[in-house]
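Source file: data09.pdb (PDB, C-alpha atoms)
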```
ATOM      1  CA  MET L   1     -27.181  22.984  12.999
ATOM      2  CA  PHE L   2     -23.715  22.945  14.586
ATOM      3  CA  HIS L   3     -23.004  19.542  13.053
ATOM      4  CA  LEU L   4     -24.009  20.677   9.557
ATOM      5  CA  ALA L   5     -22.134  23.984   9.787
ATOM      6  CA  SER L   6     -18.951  22.281  10.971
ATOM      7  CA  ALA L   7     -19.142  19.719   8.149
ATOM      8  CA  VAL L   8     -19.559  22.429   5.492
ATOM      9  CA  PHE L   9     -16.807  24.595   6.954
ATOM     10  CA  TRP L  10     -14.390  21.691   7.156
ATOM     11  CA  THR L  11     -15.142  20.644   3.596
ATOM     12  CA  LEU L  12     -14.057  24.099   2.442
ATOM     13  CA  ILE L  13     -10.818  24.433   4.411
ATOM     14  CA  GLN L  14      -9.228  20.981   4.382
ATOM     15  CA  PRO L  15      -5.906  21.206   2.499
ATOM     16  CA  VAL L  16      -6.829  19.508  -0.781
ATOM     17  CA  ASN L  17     -10.134  21.336  -1.129
ATOM     18  CA  LEU L  18      -8.582  24.619  -0.044
ATOM     19  CA  THR L  19      -5.881  24.190  -2.686
ATOM     20  CA  GLY L  20      -8.547  23.518  -5.294
ATOM     21  CA  LEU L  21     -10.491  26.641  -4.275
ATOM     22  CA  LEU L  22      -7.356  28.761  -4.458
ATOM     23  CA  VAL L  23      -6.485  27.415  -7.902
ATOM     24  CA  ALA L  24     -10.046  28.081  -9.065
ATOM     25  CA  ALA L  25      -9.839  31.615  -7.689
ATOM     26  CA  SER L  26      -6.527  32.059  -9.512
ATOM     27  CA  LEU L  27      -8.112  31.001 -12.800
ATOM     28  CA  VAL L  28     -11.075  33.321 -12.326
ATOM     29  CA  ALA L  29      -8.762  36.221 -11.491
ATOM     30  CA  ALA L  30      -6.692  35.467 -14.590
ATOM     31  CA  PHE L  31      -9.842  35.373 -16.713
ATOM     32  CA  VAL L  32     -10.822  38.873 -15.608
ATOM     33  CA  ARG L  33      -7.181  39.986 -16.005
ATOM     34  CA  TRP L  34      -6.414  40.558 -12.339
ATOM     35  CA  ARG L  35      -2.892  39.294 -12.841
ATOM     36  CA  ARG L  36      -1.409  40.009  -9.412
ATOM     37  CA  LEU L  37      -4.370  38.492  -7.622
ATOM     38  CA  SER L  38      -4.234  35.455  -9.906
ATOM     39  CA  VAL L  39      -0.553  34.885  -9.172
ATOM     40  CA  SER L  40      -1.130  35.375  -5.427
ATOM     41  CA  PHE L  41      -3.941  32.807  -5.309
ATOM     42  CA  GLY L  42      -1.916  30.344  -7.364
ATOM     43  CA  LEU L  43       1.189  30.665  -5.202
ATOM     44  CA  LEU L  44      -0.858  30.374  -2.021
ATOM     45  CA  GLY L  45      -2.460  27.178  -3.340
ATOM     46  CA  LEU L  46       0.964  25.704  -4.120
ATOM     47  CA  LEU L  47       2.180  26.702  -0.648
ATOM     48  CA  VAL L  48      -0.749  24.992   1.070
ATOM     49  CA  LEU L  49      -0.280  21.817  -0.956
ATOM     50  CA  GLY L  50       3.510  21.830  -0.583
ATOM     51  CA  LEU L  51       3.506  22.298   3.183
ATOM     52  CA  SER L  52       0.742  19.730   3.640
ATOM     53  CA  GLY L  53       2.127  16.996   1.404
ATOM     54  CA  TRP L  54       5.893  17.343   1.290
ATOM     55  CA  THR L  55       6.859  18.473   4.790
ATOM     56  CA  THR L  56       6.478  17.204   8.340
ATOM     57  CA  LEU L  57       4.051  20.019   9.186
ATOM     58  CA  GLY L  58       1.204  17.585   9.791
ATOM     59  CA  ALA L  59       3.225  15.464  12.213
ATOM     60  CA  LEU L  60       4.349  18.539  14.154
ATOM     61  CA  LEU L  61       0.751  19.727  14.462
ATOM     62  CA  LEU L  62      -0.225  16.282  15.761
ATOM     63  CA  HIS L  63       2.536  16.048  18.392
ATOM     64  CA  PRO L  64       0.921  18.250  21.089
ATOM     65  CA  LEU L  65      -2.386  16.438  20.604
ATOM     66  CA  GLU L  66      -0.992  12.902  20.698
ATOM     67  CA  ASN L  67       1.365  13.594  23.604
ATOM     68  CA  HIS L  68      -1.156  15.415  25.804
ATOM     69  CA  PHE L  69      -2.601  12.322  27.468
ATOM     70  CA  GLN L  70      -0.730   9.113  28.253
ATOM     71  CA  LYS L  71      -2.017   5.648  29.070
ATOM     72  CA  PRO L  72      -1.833   4.792  32.782
ATOM     73  CA  ALA L  73       1.699   3.686  33.661
ATOM     74  CA  GLU L  74       0.515   0.843  35.884
ATOM     75  CA  THR L  75      -2.024  -1.933  35.470
ATOM     76  CA  LEU L  76      -5.485  -0.798  36.486
ATOM     77  CA  GLU L  77      -7.763  -2.897  38.672
ATOM     78  CA  ASP L  78     -11.516  -2.810  39.169
ATOM     79  CA  ILE L  79     -12.455  -1.291  35.818
ATOM     80  CA  ASP L  80     -16.212  -0.760  35.748
ATOM     81  CA  GLY L  81     -16.550   0.059  32.082
ATOM     82  CA  ILE L  82     -14.943   0.859  28.747
ATOM     83  CA  ILE L  83     -16.272   3.464  26.312
ATOM     84  CA  VAL L  84     -15.007   3.312  22.742
ATOM     85  CA  LEU L  85     -15.701   6.265  20.458
ATOM     86  CA  GLY L  86     -16.691   5.633  16.855
ATOM     87  CA  GLY L  87     -14.747   6.729  13.826
ATOM     88  CA  GLY L  88     -12.903   3.509  13.065
ATOM     89  CA  PHE L  89     -15.129   1.904  10.441
ATOM     90  CA  GLU L  90     -15.841   2.508   6.759
ATOM     91  CA  GLY L  91     -19.514   3.268   7.294
ATOM     92  CA  ALA L  92     -20.585   3.541   3.654
ATOM     93  CA  ILE L  93     -18.902   0.256   2.696
ATOM     94  CA  ASN L  94     -20.267  -1.608   5.710
ATOM     95  CA  LEU L  95     -23.776  -0.317   5.049
ATOM     96  CA  ALA L  96     -23.586  -1.723   1.521
ATOM     97  CA  ARG L  97     -21.721  -4.964   2.195
ATOM     98  CA  GLY L  98     -22.608  -5.805   5.778
ATOM     99  CA  GLY L  99     -19.031  -6.373   6.922
ATOM    100  CA  TYR L 100     -16.741  -4.593   9.351
ATOM    101  CA  GLU L 101     -14.167  -2.831   7.191
ATOM    102  CA  LEU L 102     -11.808  -0.693   9.275
ATOM    103  CA  ASN L 103     -10.380   2.679   8.315
ATOM    104  CA  ALA L 104      -7.179   4.410   9.463
ATOM    105  CA  SER L 105      -8.555   4.724  13.015
ATOM    106  CA  GLY L 106      -9.610   1.093  13.311
ATOM    107  CA  ASP L 107      -7.145   0.597  16.181
ATOM    108  CA  ARG L 108      -9.892   1.901  18.452
ATOM    109  CA  PHE L 109     -11.882  -1.290  17.976
ATOM    110  CA  VAL L 110      -8.928  -3.647  18.067
ATOM    111  CA  GLU L 111      -8.040  -2.101  21.434
ATOM    112  CA  ALA L 112     -11.680  -2.401  22.511
ATOM    113  CA  ALA L 113     -11.556  -6.161  21.978
ATOM    114  CA  ILE L 114      -8.249  -6.453  23.858
ATOM    115  CA  LEU L 115      -9.558  -4.450  26.818
ATOM    116  CA  ALA L 116     -12.857  -6.321  26.882
ATOM    117  CA  LEU L 117     -10.997  -9.621  27.181
ATOM    118  CA  ARG L 118      -8.563  -8.199  29.729
ATOM    119  CA  TYR L 119     -11.398  -6.886  31.913
ATOM    120  CA  PRO L 120     -14.148  -9.525  31.535
ATOM    121  CA  ASP L 121     -16.393  -7.946  34.187
ATOM    122  CA  ALA L 122     -16.364  -4.448  32.702
ATOM    123  CA  ARG L 123     -19.243  -3.043  30.702
ATOM    124  CA  LEU L 124     -18.374  -2.272  27.080
ATOM    125  CA  VAL L 125     -20.050   0.708  25.401
ATOM    126  CA  ILE L 126     -19.598   1.642  21.743
ATOM    127  CA  SER L 127     -20.553   5.270  21.139
ATOM    128  CA  GLY L 128     -21.046   6.465  17.578
ATOM    129  CA  GLY L 129     -23.873   6.873  15.126
ATOM    130  CA  SER L 130     -23.477   8.014  11.554
ATOM    131  CA  GLY L 131     -21.875  11.443  11.639
ATOM    132  CA  SER L 132     -21.656  11.770   7.877
ATOM    133  CA  VAL L 133     -23.503  14.700   6.309
ATOM    134  CA  PHE L 134     -22.750  14.084   2.643
ATOM    135  CA  LEU L 135     -22.433  10.278   2.466
ATOM    136  CA  ALA L 136     -24.831   7.674   3.842
ATOM    137  CA  GLY L 137     -23.164   5.132   6.095
ATOM    138  CA  GLU L 138     -23.729   2.693   8.929
ATOM    139  CA  GLY L 139     -22.967   4.003  12.410
ATOM    140  CA  ASP L 140     -19.950   2.488  14.131
ATOM    141  CA  ALA L 141     -22.015   1.328  17.098
ATOM    142  CA  ASP L 142     -24.102  -0.750  14.696
ATOM    143  CA  THR L 143     -21.055  -2.241  12.949
ATOM    144  CA  ALA L 144     -18.895  -2.884  16.009
ATOM    145  CA  PRO L 145     -20.734  -5.943  17.398
ATOM    146  CA  ARG L 146     -20.000  -7.894  14.204
ATOM    147  CA  LEU L 147     -16.262  -7.316  14.596
ATOM    148  CA  LEU L 148     -16.066  -7.649  18.368
ATOM    149  CA  THR L 149     -17.979 -10.923  18.503
ATOM    150  CA  ALA L 150     -15.734 -12.272  15.743
ATOM    151  CA  LEU L 151     -12.775 -11.385  17.990
ATOM    152  CA  GLY L 152     -14.219 -13.290  20.949
ATOM    153  CA  VAL L 153     -16.238 -10.686  22.868
ATOM    154  CA  ALA L 154     -19.615 -11.950  24.065
ATOM    155  CA  ARG L 155     -22.478 -10.175  22.289
ATOM    156  CA  GLU L 156     -24.445  -9.633  25.499
ATOM    157  CA  ARG L 157     -21.625  -7.472  26.899
ATOM    158  CA  ILE L 158     -21.750  -4.942  24.073
ATOM    159  CA  GLU L 159     -23.902  -1.861  24.694
ATOM    160  CA  MET L 160     -24.555   0.467  21.778
ATOM    161  CA  GLU L 161     -25.040   4.219  21.777
ATOM    162  CA  ASN L 162     -25.837   4.793  18.107
ATOM    163  CA  ARG L 163     -27.405   8.270  18.064
ATOM    164  CA  SER L 164     -24.353  10.504  18.460
ATOM    165  CA  ARG L 165     -22.967  12.346  15.435
ATOM    166  CA  ASP L 166     -19.958  14.061  17.006
ATOM    167  CA  THR L 167     -17.743  14.057  20.075
ATOM    168  CA  TYR L 168     -20.010  16.292  22.125
ATOM    169  CA  GLU L 169     -22.939  13.960  21.558
ATOM    170  CA  ASN L 170     -20.710  10.946  22.291
ATOM    171  CA  ALA L 171     -20.243  12.316  25.797
ATOM    172  CA  GLN L 172     -23.820  13.435  26.403
ATOM    173  CA  PHE L 173     -25.515  10.292  25.126
ATOM    174  CA  SER L 174     -22.983   7.920  26.693
ATOM    175  CA  LYS L 175     -23.602   9.427  30.094
ATOM    176  CA  ARG L 176     -27.362   8.968  29.700
ATOM    177  CA  LEU L 177     -26.874   5.354  28.696
ATOM    178  CA  VAL L 178     -24.284   4.481  31.322
ATOM    179  CA  ALA L 179     -25.556   6.531  34.302
ATOM    180  CA  PRO L 180     -22.124   6.279  35.999
ATOM    181  CA  ARG L 181     -22.114   6.101  39.779
ATOM    182  CA  PRO L 182     -19.625   8.009  41.976
ATOM    183  CA  GLY L 183     -16.374   6.130  42.409
ATOM    184  CA  GLU L 184     -16.675   4.051  39.236
ATOM    185  CA  THR L 185     -13.699   3.810  36.880
ATOM    186  CA  TRP L 186     -14.389   4.103  33.162
ATOM    187  CA  LEU L 187     -11.800   3.932  30.404
ATOM    188  CA  LEU L 188     -12.226   6.155  27.350
ATOM    189  CA  VAL L 189     -10.733   4.717  24.159
ATOM    190  CA  THR L 190     -10.177   6.923  21.127
ATOM    191  CA  SER L 191      -7.380   8.049  18.823
ATOM    192  CA  ALA L 192      -4.540   9.856  20.608
ATOM    193  CA  PHE L 193      -4.947  12.987  18.468
ATOM    194  CA  HIS L 194      -8.660  13.082  19.339
ATOM    195  CA  MET L 195      -8.262  12.475  23.076
ATOM    196  CA  PRO L 196      -8.011  16.146  24.205
ATOM    197  CA  ARG L 197     -11.353  17.068  22.640
ATOM    198  CA  ALA L 198     -12.945  13.829  23.854
ATOM    199  CA  VAL L 199     -11.748  14.316  27.434
ATOM    200  CA  GLY L 200     -12.962  17.917  27.389
ATOM    201  CA  ALA L 201     -16.405  16.854  26.155
ATOM    202  CA  PHE L 202     -16.741  14.105  28.781
ATOM    203  CA  ARG L 203     -15.648  16.453  31.557
ATOM    204  CA  GLN L 204     -18.199  18.978  30.348
ATOM    205  CA  ALA L 205     -20.811  16.216  30.600
ATOM    206  CA  ASP L 206     -19.633  15.546  34.174
ATOM    207  CA  PHE L 207     -18.575  12.029  33.273
ATOM    208  CA  PRO L 208     -15.155  11.231  34.839
ATOM    209  CA  ILE L 209     -13.080   8.929  32.641
ATOM    210  CA  VAL L 210      -9.530   7.581  32.413
ATOM    211  CA  PRO L 211      -7.982   8.383  28.992
ATOM    212  CA  TRP L 212      -6.777   5.349  27.038
ATOM    213  CA  PRO L 213      -5.282   6.762  23.803
ATOM    214  CA  VAL L 214      -4.599   4.522  20.791
ATOM    215  CA  ASP L 215      -4.118   4.933  17.046
ATOM    216  CA  TYR L 216      -0.995   7.124  17.048
ATOM    217  CA  LYS L 217      -0.197   8.726  13.687
ATOM    218  CA  THR L 218       3.341   9.922  14.488
ATOM    219  CA  SER L 219       6.471   8.633  16.207
ATOM    220  CA  GLY L 220       6.678  11.813  18.271
ATOM    221  CA  THR L 221      10.281  12.403  17.158
ATOM    222  CA  GLU L 222       9.686  14.215  13.853
ATOM    223  CA  ARG L 223      11.352  17.586  13.256
ATOM    224  CA  PHE L 224      10.421  20.175  10.682
ATOM    225  CA  GLY L 225      11.724  19.390   7.245
ATOM    226  CA  LEU L 226      10.910  17.343   4.198
ATOM    227  CA  ALA L 227       8.595  14.444   5.006
ATOM    228  CA  ALA L 228      10.027  10.943   5.124
ATOM    229  CA  ASP L 229       6.533   9.502   4.537
ATOM    230  CA  ASN L 230       4.940   9.392   1.148
ATOM    231  CA  VAL L 231       2.932  12.403   0.038
ATOM    232  CA  LEU L 232      -0.455  10.865   0.832
ATOM    233  CA  ASP L 233       0.554   9.989   4.416
ATOM    234  CA  SER L 234       1.897  13.497   5.010
ATOM    235  CA  LEU L 235      -1.212  15.034   3.525
ATOM    236  CA  ARG L 236      -3.386  12.790   5.694
ATOM    237  CA  ASN L 237      -1.485  13.865   8.830
ATOM    238  CA  THR L 238      -1.894  17.538   7.980
ATOM    239  CA  THR L 239      -5.580  17.070   7.240
ATOM    240  CA  THR L 240      -6.160  15.179  10.493
ATOM    241  CA  ALA L 241      -4.260  17.747  12.550
ATOM    242  CA  MET L 242      -6.013  20.736  11.001
ATOM    243  CA  ARG L 243      -9.404  19.163  11.504
ATOM    244  CA  GLU L 244      -8.709  18.420  15.152
ATOM    245  CA  TRP L 245      -7.303  21.871  15.961
ATOM    246  CA  VAL L 246     -10.256  23.516  14.218
ATOM    247  CA  GLY L 247     -12.574  21.198  16.151
ATOM    248  CA  LEU L 248     -10.957  22.110  19.468
ATOM    249  CA  LEU L 249     -11.270  25.820  18.714
ATOM    250  CA  ALA L 250     -14.916  25.467  17.661
ATOM    251  CA  TYR L 251     -15.752  23.438  20.775
ATOM    252  CA  ARG L 252     -14.044  26.016  23.002
ATOM    253  CA  LEU L 253     -15.816  28.973  21.375
ATOM    254  CA  THR L 254     -19.217  27.276  21.660
ATOM    255  CA  GLY L 255     -18.707  26.158  25.271
ATOM    256  CA  ARG L 256     -18.590  22.452  24.515
ATOM    257  CA  ILE L 257     -15.246  22.247  26.303
ATOM    258  CA  ASP L 258     -13.989  24.630  28.996
ATOM    259  CA  ARG L 259     -10.440  25.049  27.657
ATOM    260  CA  LEU L 260      -8.620  24.500  24.384
ATOM    261  CA  LEU L 261      -6.484  21.653  25.744
ATOM    262  CA  PRO L 262      -8.017  20.046  28.840
ATOM    263  CA  ALA L 263      -5.435  19.486  31.539
ATOM    264  CA  PRO L 264      -4.197  15.933  32.159
ATOM    265  CA  GLY L 265      -5.068  14.351  35.485
TER     266      GLY L 265
END
```
Can you turn what I pasted into structure tokens?
Amino acid sequence: MFHLASAVFWTLIQPVNLTGLLVAASLVAAFVRWRRLSVSFGLLGLLVLGLSGWTTLGALLLHPLENHFQKPAETLEDIDGIIVLGGGFEGAINLARGGYELNASGDRFVEAAILALRYPDARLVISGGSGSVFLAGEGDADTAPRLLTALGVARERIEMENRSRDTYENAQFSKRLVAPRPGETWLLVTSAFHMPRAVGAFRQADFPIVPWPVDYKTSGTERFGLAADNVLDSLRNTTTAMREWVGLLAYRLTGRIDRLLPAPG
């Protein structure tokens, strides 16, 4: 129920859809001759779209998420396992075509291959089923072996957790699959903006991990002003940031994490 409710809520409030709803409300208000309300809805829609697409708002919202956890400064030894969270594949396309098309977060799986080759004795777990509510797609854990074996990772090393639909389930189901022992060192690979929520979920599952963020969306040096990126990139940053902040708040309110931004260390 939580997964469905969050998907519906997010569909309504993401910037493009929210702009469309506000414009529709403006038209309805104009039709019934509520002029002030019509103008207010219209201006608010333009404000949402303008801030999301033509300013650096999205990058600034991403900064505290992407900068919260850093990769270890020194080379790690004795890595027992690597967990890679799904979200990097085009599930609907791969279900239809049988390939391994990557999306904007595909760095997660490129890094997974690099780490698997760097630590040949470590277990490699891909966590991610199909989390889509409105579009059928192949789960990332089912797609990943095709890409990873093509990149030189032995198929027998790849363990798949393909039931999870969200970050909370990633943590719960991965722990059941892995059964980590005290003193083991596990790396957690996911997008930098997503790492705070992922770390919080794994800590809540009592699964100690070492954050290994990848897939940065910003340089970290942006200041507020007109966006230097194209409109679609700026809009994508704002959408990603809003979704993650809303996700963090929802996880905190429902007890899936114990604080809004889990502390580093």
**Message:** Which residues are close to stretch 168-181 of chain L, i.e. within 8 Å by only C-alpha atoms, leaving aside same-chain residues fewer than 3 positions away? Reply as a PyMOL selection string.
**Reply:** chain L and resi 85+125+127-128+161+163-165+184+198+201-202+205+207+256
Store the residues of this selection in a file with C-alpha atoms, as a tab-separated table (two decimals), in the coordinates of the input.
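Done, and the output landed in part15.tsv:
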```tsv
chain	number	residue	atom	x	y	z
L	85	LEU	CA	-15.70	6.26	20.46
L	125	VAL	CA	-20.05	0.71	25.40
L	127	SER	CA	-20.55	5.27	21.14
L	128	GLY	CA	-21.05	6.46	17.58
L	161	GLU	CA	-25.04	4.22	21.78
L	163	ARG	CA	-27.40	8.27	18.06
L	164	SER	CA	-24.35	10.50	18.46
L	165	ARG	CA	-22.97	12.35	15.44
L	184	GLU	CA	-16.68	4.05	39.24
L	198	ALA	CA	-12.94	13.83	23.85
L	201	ALA	CA	-16.40	16.85	26.16
L	202	PHE	CA	-16.74	14.10	28.78
L	205	ALA	CA	-20.81	16.22	30.60
L	207	PHE	CA	-18.58	12.03	33.27
L	256	ARG	CA	-18.59	22.45	24.52
```
**Prompt:** Nearest to L:Gly53: which of L:Gly86, L:Gly183, L:Pro15, L:Gly255 is it, counting only C-alpha atoms?
**Reply:**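 Under the stated criterion, the closest residue is L:Pro15.
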**Message:** Let me make sure I understand: among L:Ala228, L:Ile82, L:Ile93, L:Leu151, which one has the smallest atom-to-atom distance to L:Asp121 if we use all atoms listed in the file?
**Reply:**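 Using all atoms listed in the file, L:Asp121 sits closest to L:Ile82.
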**Fill in**
As a check of understanding: the span from atom CA of L:Val153 to atom CA of L:Ala112 is 9.5 Å
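Of the listed residues (L:Leu65, L:Val39, L:Ala96, L:Val199), L:Leu65 comes nearest to L:Arg243; the distances count all atoms listed in the file.
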